[in-house]
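K.L.:
Got start30.pdb for you, PDB, C-alpha atoms:
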ATOM      1  CA  MET A  16      78.285  59.993 152.215  1.00  0.00           C
ATOM      2  CA  ALA A  17      76.510  61.352 149.145  1.00  0.00           C
ATOM      3  CA  ASP A  18      72.823  62.220 149.354  1.00  0.00           C
ATOM      4  CA  ARG A  19      70.668  59.680 147.535  1.00  0.00           C
ATOM      5  CA  VAL A  20      68.366  61.314 144.951  1.00  0.00           C
ATOM      6  CA  LEU A  21      65.468  59.598 143.194  1.00  0.00           C
ATOM      7  CA  VAL A  22      64.655  61.283 139.863  1.00  0.00           C
ATOM      8  CA  VAL A  23      61.104  60.549 138.660  1.00  0.00           C
ATOM      9  CA  GLU A  24      60.548  61.775 135.099  1.00  0.00           C
ATOM     10  CA  ASP A  25      58.735  60.090 132.195  1.00  0.00           C
ATOM     11  CA  ASP A  26      60.660  62.063 129.547  1.00  0.00           C
ATOM     12  CA  ALA A  27      63.724  59.845 129.017  1.00  0.00           C
ATOM     13  CA  ALA A  28      65.938  62.657 127.706  1.00  0.00           C
ATOM     14  CA  VAL A  29      65.170  64.936 130.666  1.00  0.00           C
ATOM     15  CA  ARG A  30      65.604  62.055 133.118  1.00  0.00           C
ATOM     16  CA  ARG A  31      69.025  61.104 131.706  1.00  0.00           C
ATOM     17  CA  MET A  32      70.131  64.745 131.759  1.00  0.00           C
ATOM     18  CA  LEU A  33      69.136  65.076 135.416  1.00  0.00           C
ATOM     19  CA  GLU A  34      70.815  61.792 136.317  1.00  0.00           C
ATOM     20  CA  ARG A  35      74.088  62.830 134.655  1.00  0.00           C
ATOM     21  CA  SER A  36      74.059  66.386 135.985  1.00  0.00           C
ATOM     22  CA  LEU A  37      73.167  65.498 139.560  1.00  0.00           C
ATOM     23  CA  GLY A  38      75.677  62.658 139.550  1.00  0.00           C
ATOM     24  CA  ALA A  39      78.357  65.128 138.463  1.00  0.00           C
ATOM     25  CA  GLU A  40      77.369  67.318 141.439  1.00  0.00           C
ATOM     26  CA  GLY A  41      78.117  64.473 143.839  1.00  0.00           C
ATOM     27  CA  PHE A  42      74.639  63.042 144.371  1.00  0.00           C
ATOM     28  CA  GLU A  43      73.959  59.302 144.255  1.00  0.00           C
ATOM     29  CA  VAL A  44      71.190  59.164 141.646  1.00  0.00           C
ATOM     30  CA  THR A  45      68.525  56.575 140.810  1.00  0.00           C
ATOM     31  CA  GLY A  46      65.977  57.130 138.033  1.00  0.00           C
ATOM     32  CA  ALA A  47      62.368  56.031 137.584  1.00  0.00           C
ATOM     33  CA  ALA A  48      60.292  56.449 134.413  1.00  0.00           C
ATOM     34  CA  ASP A  49      56.838  56.562 136.023  1.00  0.00           C
ATOM     35  CA  GLY A  50      55.029  56.911 139.333  1.00  0.00           C
ATOM     36  CA  GLY A  51      54.463  53.210 139.969  1.00  0.00           C
ATOM     37  CA  LEU A  52      58.138  52.397 139.449  1.00  0.00           C
ATOM     38  CA  ALA A  53      59.105  55.346 141.640  1.00  0.00           C
ATOM     39  CA  LEU A  54      57.135  53.934 144.575  1.00  0.00           C
ATOM     40  CA  ALA A  55      58.797  50.544 144.146  1.00  0.00           C
ATOM     41  CA  VAL A  56      62.288  52.036 143.841  1.00  0.00           C
ATOM     42  CA  ALA A  57      61.776  54.309 146.849  1.00  0.00           C
ATOM     43  CA  GLU A  58      60.814  51.290 148.956  1.00  0.00           C
ATOM     44  CA  GLY A  59      64.271  49.805 148.504  1.00  0.00           C
ATOM     45  CA  ALA A  60      66.472  52.815 147.831  1.00  0.00           C
ATOM     46  CA  ALA A  61      65.259  54.998 150.749  1.00  0.00           C
ATOM     47  CA  PRO A  62      66.155  58.275 148.990  1.00  0.00           C
ATOM     48  CA  ASP A  63      67.172  61.372 150.907  1.00  0.00           C
ATOM     49  CA  LEU A  64      65.698  63.606 148.188  1.00  0.00           C
ATOM     50  CA  VAL A  65      63.188  63.164 145.368  1.00  0.00           C
ATOM     51  CA  VAL A  66      63.012  65.142 142.120  1.00  0.00           C
ATOM     52  CA  LEU A  67      59.465  64.508 140.934  1.00  0.00           C
ATOM     53  CA  ASP A  68      57.790  65.451 137.664  1.00  0.00           C
ATOM     54  CA  VAL A  69      54.142  66.456 138.052  1.00  0.00           C
ATOM     55  CA  ALA A  70      52.674  65.549 134.658  1.00  0.00           C
ATOM     56  CA  MET A  71      53.127  61.795 134.210  1.00  0.00           C
ATOM     57  CA  PRO A  72      50.784  59.137 132.789  1.00  0.00           C
ATOM     58  CA  GLY A  73      49.124  56.892 135.345  1.00  0.00           C
ATOM     59  CA  LEU A  74      50.070  58.177 138.784  1.00  0.00           C
ATOM     60  CA  ASP A  75      50.870  61.870 138.544  1.00  0.00           C
ATOM     61  CA  GLY A  76      53.430  63.605 140.711  1.00  0.00           C
ATOM     62  CA  TYR A  77      50.873  64.786 143.269  1.00  0.00           C
ATOM     63  CA  GLU A  78      49.652  61.251 143.950  1.00  0.00           C
ATOM     64  CA  VAL A  79      53.183  59.829 144.015  1.00  0.00           C
ATOM     65  CA  CYS A  80      54.188  62.470 146.561  1.00  0.00           C
ATOM     66  CA  ARG A  81      51.166  61.729 148.758  1.00  0.00           C
ATOM     67  CA  ARG A  82      51.953  58.010 148.710  1.00  0.00           C
ATOM     68  CA  LEU A  83      55.635  58.535 149.453  1.00  0.00           C
ATOM     69  CA  ARG A  84      54.768  60.686 152.466  1.00  0.00           C
ATOM     70  CA  ALA A  85      52.207  58.109 153.634  1.00  0.00           C
ATOM     71  CA  LYS A  86      54.944  55.468 153.458  1.00  0.00           C
ATOM     72  CA  GLY A  87      57.132  57.553 155.749  1.00  0.00           C
ATOM     73  CA  LEU A  88      59.393  59.512 153.376  1.00  0.00           C
ATOM     74  CA  THR A  89      60.793  62.457 155.331  1.00  0.00           C
ATOM     75  CA  GLY A  90      63.371  63.702 152.825  1.00  0.00           C
ATOM     76  CA  GLY A  91      62.913  66.731 150.620  1.00  0.00           C
ATOM     77  CA  VAL A  92      60.656  66.512 147.563  1.00  0.00           C
ATOM     78  CA  LEU A  93      61.324  68.926 144.689  1.00  0.00           C
ATOM     79  CA  MET A  94      58.581  68.997 142.063  1.00  0.00           C
ATOM     80  CA  LEU A  95      59.144  69.757 138.380  1.00  0.00           C
ATOM     81  CA  THR A  96      56.177  71.404 136.712  1.00  0.00           C
ATOM     82  CA  ALA A  97      55.302  73.249 133.533  1.00  0.00           C
ATOM     83  CA  ARG A  98      52.573  75.116 135.434  1.00  0.00           C
ATOM     84  CA  ASP A  99      53.301  78.151 137.563  1.00  0.00           C
ATOM     85  CA  SER A 100      49.875  79.159 138.869  1.00  0.00           C
ATOM     86  CA  VAL A 101      49.331  79.686 142.594  1.00  0.00           C
ATOM     87  CA  GLU A 102      46.753  76.872 142.546  1.00  0.00           C
ATOM     88  CA  ASP A 103      49.286  74.400 141.126  1.00  0.00           C
ATOM     89  CA  ARG A 104      51.936  75.415 143.639  1.00  0.00           C
ATOM     90  CA  VAL A 105      49.476  75.076 146.505  1.00  0.00           C
ATOM     91  CA  ARG A 106      48.350  71.660 145.253  1.00  0.00           C
ATOM     92  CA  GLY A 107      51.951  70.506 145.170  1.00  0.00           C
ATOM     93  CA  LEU A 108      52.649  71.744 148.680  1.00  0.00           C
ATOM     94  CA  GLU A 109      49.450  70.171 149.967  1.00  0.00           C
ATOM     95  CA  SER A 110      50.489  66.818 148.525  1.00  0.00           C
ATOM     96  CA  GLY A 111      53.647  66.953 150.625  1.00  0.00           C
ATOM     97  CA  ALA A 112      56.204  68.567 148.297  1.00  0.00           C
ATOM     98  CA  ASP A 113      58.753  70.953 149.790  1.00  0.00           C
ATOM     99  CA  ASP A 114      59.647  73.057 146.762  1.00  0.00           C
ATOM    100  CA  TYR A 115      59.147  73.286 143.017  1.00  0.00           C
ATOM    101  CA  VAL A 116      60.983  74.299 139.849  1.00  0.00           C
ATOM    102  CA  VAL A 117      59.163  75.433 136.719  1.00  0.00           C
ATOM    103  CA  LYS A 118      60.062  73.912 133.334  1.00  0.00           C
ATOM    104  CA  PRO A 119      62.129  74.734 131.389  1.00  0.00           C
ATOM    105  CA  PHE A 120      64.692  74.943 134.181  1.00  0.00           C
ATOM    106  CA  ALA A 121      68.425  75.466 134.602  1.00  0.00           C
ATOM    107  CA  ILE A 122      70.166  72.511 136.241  1.00  0.00           C
ATOM    108  CA  ALA A 123      71.957  74.980 138.523  1.00  0.00           C
ATOM    109  CA  GLU A 124      68.599  75.941 140.038  1.00  0.00           C
ATOM    110  CA  VAL A 125      67.654  72.304 140.645  1.00  0.00           C
ATOM    111  CA  VAL A 126      70.993  71.683 142.355  1.00  0.00           C
ATOM    112  CA  ALA A 127      70.672  74.838 144.479  1.00  0.00           C
ATOM    113  CA  ARG A 128      67.176  73.910 145.637  1.00  0.00           C
ATOM    114  CA  LEU A 129      68.222  70.352 146.471  1.00  0.00           C
ATOM    115  CA  ARG A 130      71.161  71.676 148.476  1.00  0.00           C
ATOM    116  CA  ALA A 131      68.757  73.935 150.367  1.00  0.00           C
ATOM    117  CA  LEU A 132      66.486  70.988 151.180  1.00  0.00           C
ATOM    118  CA  THR A 133      69.117  68.588 152.417  1.00  0.00           C
ATOM    119  CA  ARG A 134      70.194  68.526 156.059  1.00  0.00           C
ATOM    120  CA  ARG A 135      72.441  65.487 156.006  1.00  0.00           C
ATOM    121  CA  GLY A 136      76.117  66.219 156.123  1.00  0.00           C
ATOM    122  CA  SER A 137      75.557  69.713 157.449  1.00  0.00           C
ATOM    123  CA  ASP A 138      78.411  71.249 159.428  1.00  0.00           C
ATOM    124  CA  ARG A 139      75.911  73.009 161.648  1.00  0.00           C
ATOM    125  CA  SER A 140      74.236  70.758 164.166  1.00  0.00           C
ATOM    126  CA  GLU A 141      72.220  72.572 166.788  1.00  0.00           C
ATOM    127  CA  ARG A 142      69.859  71.342 169.475  1.00  0.00           C
ATOM    128  CA  LEU A 143      66.922  73.620 170.231  1.00  0.00           C
ATOM    129  CA  ALA A 144      64.757  72.908 173.251  1.00  0.00           C
ATOM    130  CA  HIS A 145      61.589  74.141 174.918  1.00  0.00           C
ATOM    131  CA  GLY A 146      60.221  72.178 177.852  1.00  0.00           C
ATOM    132  CA  PRO A 147      60.282  68.483 176.892  1.00  0.00           C
ATOM    133  CA  ILE A 148      60.717  69.212 173.155  1.00  0.00           C
ATOM    134  CA  VAL A 149      64.240  68.882 171.755  1.00  0.00           C
ATOM    135  CA  LEU A 150      64.963  69.347 168.026  1.00  0.00           C
ATOM    136  CA  ASP A 151      68.206  68.348 166.312  1.00  0.00           C
ATOM    137  CA  THR A 152      68.353  70.831 163.437  1.00  0.00           C
ATOM    138  CA  ALA A 153      70.883  68.757 161.466  1.00  0.00           C
ATOM    139  CA  THR A 154      68.848  65.550 161.374  1.00  0.00           C
ATOM    140  CA  GLY A 155      65.309  66.917 161.664  1.00  0.00           C
ATOM    141  CA  LYS A 156      64.599  64.549 164.548  1.00  0.00           C
ATOM    142  CA  VAL A 157      62.609  65.642 167.588  1.00  0.00           C
ATOM    143  CA  THR A 158      62.372  64.000 170.986  1.00  0.00           C
ATOM    144  CA  ILE A 159      59.660  64.699 173.520  1.00  0.00           C
ATOM    145  CA  GLY A 160      60.459  63.990 177.146  1.00  0.00           C
ATOM    146  CA  GLY A 161      63.102  61.405 176.327  1.00  0.00           C
ATOM    147  CA  ALA A 162      60.762  59.264 174.197  1.00  0.00           C
ATOM    148  CA  PRO A 163      62.121  57.699 170.981  1.00  0.00           C
ATOM    149  CA  ALA A 164      62.983  60.306 168.351  1.00  0.00           C
ATOM    150  CA  VAL A 165      60.367  61.264 165.759  1.00  0.00           C
ATOM    151  CA  GLU A 166      61.518  62.151 162.227  1.00  0.00           C
ATOM    152  CA  LEU A 167      60.087  65.313 160.686  1.00  0.00           C
ATOM    153  CA  THR A 168      59.939  66.271 157.026  1.00  0.00           C
ATOM    154  CA  THR A 169      62.122  69.159 155.906  1.00  0.00           C
ATOM    155  CA  ARG A 170      59.346  71.752 156.160  1.00  0.00           C
ATOM    156  CA  GLU A 171      57.991  70.354 159.443  1.00  0.00           C
ATOM    157  CA  ALA A 172      61.460  70.651 160.967  1.00  0.00           C
ATOM    158  CA  GLN A 173      61.847  74.194 159.648  1.00  0.00           C
ATOM    159  CA  LEU A 174      58.494  75.178 161.113  1.00  0.00           C
ATOM    160  CA  LEU A 175      59.354  73.731 164.518  1.00  0.00           C
ATOM    161  CA  GLU A 176      62.757  75.418 164.384  1.00  0.00           C
ATOM    162  CA  LEU A 177      61.076  78.756 163.676  1.00  0.00           C
ATOM    163  CA  LEU A 178      58.867  78.289 166.741  1.00  0.00           C
ATOM    164  CA  LEU A 179      61.784  77.155 168.927  1.00  0.00           C
ATOM    165  CA  ARG A 180      64.040  80.067 168.020  1.00  0.00           C
ATOM    166  CA  ASP A 181      61.932  82.296 170.276  1.00  0.00           C
ATOM    167  CA  PRO A 182      59.407  80.134 172.172  1.00  0.00           C
ATOM    168  CA  ARG A 183      57.769  83.184 173.768  1.00  0.00           C
ATOM    169  CA  ALA A 184      57.057  84.896 170.430  1.00  0.00           C
ATOM    170  CA  VAL A 185      54.048  84.349 168.189  1.00  0.00           C
ATOM    171  CA  VAL A 186      55.009  83.233 164.668  1.00  0.00           C
ATOM    172  CA  SER A 187      52.605  84.712 162.131  1.00  0.00           C
ATOM    173  CA  ARG A 188      51.490  82.813 159.049  1.00  0.00           C
ATOM    174  CA  GLU A 189      53.064  85.535 156.920  1.00  0.00           C
ATOM    175  CA  ALA A 190      56.442  85.077 158.641  1.00  0.00           C
ATOM    176  CA  ALA A 191      56.275  81.299 158.182  1.00  0.00           C
ATOM    177  CA  ILE A 192      55.380  81.631 154.492  1.00  0.00           C
ATOM    178  CA  GLU A 193      58.240  84.030 153.828  1.00  0.00           C
ATOM    179  CA  THR A 194      60.881  82.221 155.905  1.00  0.00           C
ATOM    180  CA  ILE A 195      60.075  78.611 155.024  1.00  0.00           C
ATOM    181  CA  TRP A 196      58.422  78.740 151.598  1.00  0.00           C
ATOM    182  CA  GLY A 197      60.029  81.882 150.199  1.00  0.00           C
ATOM    183  CA  GLY A 198      56.598  83.451 149.797  1.00  0.00           C
ATOM    184  CA  ALA A 199      55.279  80.574 147.642  1.00  0.00           C
ATOM    185  CA  ALA A 200      52.550  79.285 149.949  1.00  0.00           C
ATOM    186  CA  THR A 201      49.224  80.282 151.487  1.00  0.00           C
ATOM    187  CA  ASP A 202      47.786  80.519 154.992  1.00  0.00           C
ATOM    188  CA  ASN A 203      46.066  77.190 154.418  1.00  0.00           C
ATOM    189  CA  ILE A 204      49.400  75.480 153.757  1.00  0.00           C
ATOM    190  CA  VAL A 205      50.806  76.781 157.044  1.00  0.00           C
ATOM    191  CA  ASP A 206      47.725  75.559 158.910  1.00  0.00           C
ATOM    192  CA  ARG A 207      48.121  72.098 157.373  1.00  0.00           C
ATOM    193  CA  TYR A 208      51.762  71.858 158.391  1.00  0.00           C
ATOM    194  CA  VAL A 209      50.971  73.048 161.911  1.00  0.00           C
ATOM    195  CA  ALA A 210      48.320  70.305 162.133  1.00  0.00           C
ATOM    196  CA  ARG A 211      50.826  67.670 160.969  1.00  0.00           C
ATOM    197  CA  LEU A 212      53.396  68.907 163.451  1.00  0.00           C
ATOM    198  CA  ARG A 213      50.886  68.825 166.297  1.00  0.00           C
ATOM    199  CA  ARG A 214      50.054  65.180 165.488  1.00  0.00           C
ATOM    200  CA  LYS A 215      53.717  64.199 165.515  1.00  0.00           C
ATOM    201  CA  LEU A 216      54.426  66.037 168.767  1.00  0.00           C
ATOM    202  CA  GLY A 217      51.471  64.292 170.426  1.00  0.00           C
ATOM    203  CA  ASP A 218      49.537  65.195 173.569  1.00  0.00           C
ATOM    204  CA  PRO A 219      49.372  67.521 175.369  1.00  0.00           C
ATOM    205  CA  GLU A 220      49.066  69.937 172.445  1.00  0.00           C
ATOM    206  CA  ALA A 221      52.449  71.607 171.976  1.00  0.00           C
ATOM    207  CA  ILE A 222      51.451  74.407 169.570  1.00  0.00           C
ATOM    208  CA  ARG A 223      48.773  76.963 170.422  1.00  0.00           C
ATOM    209  CA  THR A 224      46.873  79.055 167.899  1.00  0.00           C
ATOM    210  CA  VAL A 225      46.688  82.759 168.690  1.00  0.00           C
ATOM    211  CA  ARG A 226      43.557  83.752 166.840  1.00  0.00           C
ATOM    212  CA  GLY A 227      44.150  86.353 164.165  1.00  0.00           C
ATOM    213  CA  VAL A 228      47.895  86.420 164.837  1.00  0.00           C
ATOM    214  CA  GLY A 229      49.616  83.054 164.383  1.00  0.00           C
ATOM    215  CA  PHE A 230      51.141  80.248 166.457  1.00  0.00           C
ATOM    216  CA  ILE A 231      53.217  79.861 169.592  1.00  0.00           C
ATOM    217  CA  LEU A 232      54.610  76.960 171.573  1.00  0.00           C
ATOM    218  CA  ALA A 233      52.638  76.055 174.687  1.00  0.00           C
ATOM    219  CA  ALA A 234      54.261  77.090 177.953  1.00  0.00           C
TER     220      ALA A 234
END
What would the structure in this file look like if it were written as structure tokens?
P.N.:
Amino acid sequence: MADRVLVVEDDAAVRRMLERSLGAEGFEVTGAADGGLALAVAEGAAPDLVVLDVAMPGLDGYEVCRRLRAKGLTGGVLMLTARDSVEDRVRGLESGADDYVVKPFAIAEVVARLRALTRRGSDRSERLAHGPIVLDTATGKVTIGGAPAVELTTREAQLLELLLRDPRAVVSREAAIETIWGGAATDNIVDRYVARLRRKLGDPEAIRTVRGVGFILAA
């Protein structure tokens, strides 16, 4: 089954180009011309991936992303932005985006980044476990002690996978930034994602902070 992509872009020419190009790459594409329409479409379409322009009238991309995450969207969000400052990238990541592409962009880069974000249809399904925590790397779902599965966002699942690969090793913020965000994040972003992951994993606290070093799974 093709991955469902919601393209949110107020520039009609750019939106149509993305819809045609992504459709030709095998994605099932739905378009939205503004943030309000995007929220309504996402409610019914349940996209696997979102391509989201930042600079839109009314609700901008940051606010749309925050609202989509609050509504339970766990799929990858790729932001399109004309700004390439660290502050803008951090703001996008803090709003819940997983990656970004700077305008003007090559469609090949958008496709490559979407492929990197998607887990559905992957040939590699692996179950990583530590104590009661079990992560399915293909679906991004985690179970704790046999309780109903909890869905993680793409980056949350990647962070948990990094911790589970060697449960006895401390994962530094620098290693997480390089492995998960390709160097395009800050320590604060890692801390925020760790906090989100802790909330989803519940009590007792599953991730310990090693002051001045990084994070490790609780024994």
K.L.:
Would you list the residues near (64.3, 67.3, 166.2) (no more than 10 Å away, in the coordinates of the file, using all atoms listed in the file) as a list in words?
P.N.:
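The residues near that point, listed by chain and number, are Glu141, Arg142, Leu143, Ala144, Ile148, Val149, Leu150, Asp151, Thr152, Ala153, Thr154, Gly155, Lys156, Val157, Thr158, Ile159, Ala164, Val165, Glu166, Leu167, Glu171, Ala172, Gln173, Leu175 and Glu176 of chain A.
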K.L.:
Could you write out as a PyMOL selection string the residues that the PyMOL selection byres ((chain A and resi 106-110) around 7) matches in the shown file?
P.N.:
chain A and resi 77+80-81+102-105+111-113+204
K.L.:
Figure out the distance between CA of Glu220 in chain A and CA of Thr168 in chain A, please, to one decimal in Å.
P.N.:
19.2 Å
K.L.:
Evaluate the PyMOL selection byres ((chain A and resi 183) around 10) and record the selected residues as a PyMOL selection string, following the chain and residue labels used in the document.
P.N.:
chain A and resi 145+178-182+184-186+231-234
K.L.:
Return as a PyMOL selection string the set of residues that the PyMOL selection byres ((chain A and resi 193-198) around 9) yields on the displayed structure.
P.N.:
chain A and resi 113-114+170+173-174+177+188-192+199-201
K.L.:
Report the distance between CA of Val228 in chain A and CA of Ser187 in chain A in Å, rounded to one decimal place.
P.N.:
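Going from CA of Val228 in chain A over to CA of Ser187 in chain A, I get 5.7 Å.
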K.L.:
Name the closest residue to Gly146 in chain A among the candidates A:Phe120, A:Thr169, A:Leu64, A:Ala221; distances are taken between atoms, counting only C-alpha atoms.
P.N.:
A:Ala221
K.L.:
Can you tell me how far CA of Leu37 in chain A sits from CA of Asp99 in chain A, in Å to one decimal?
P.N.:
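Between CA of Leu37 in chain A and CA of Asp99 in chain A the gap works out to 23.6 Å.
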K.L.:
Smallest atom-to-atom distance to Arg19 in chain A: which of A:Asp49, A:Glu58, A:Glu43, A:Asp206, using all atoms listed in the file?
P.N.:
A:Glu43
K.L.:
Any idea what's packed within 12 Å of Asp26 in chain A, counting all atoms listed in the file, ignoring anything in its chain fewer than 2 positions away? Could you give it as number ranges by chain?
P.N.:
A: 22-24, 28-33, 46-49, 67-72, 95
K.L.:
Take the point (65.7, 77.9, 144.7) in the file's coordinates, draw a sphere of radius 9 Å around it, and report as a PyMOL selection string every protein, DNA or RNA residue with an atom inside or on it, counting only C-alpha atoms.
P.N.:
chain A and resi 114-116+124-129+131+197
K.L.:
Could you give me the centre and size, in Å to one decimal, of an axis-aligned box around all listed atoms of range 141-151 of chain A with 3 Å added on every side, as AutoDock Vina command-line options?
P.N.:
--center_x 66.2 --center_y 71.2 --center_z 172.1 --size_x 18.0 --size_y 11.8 --size_z 17.5
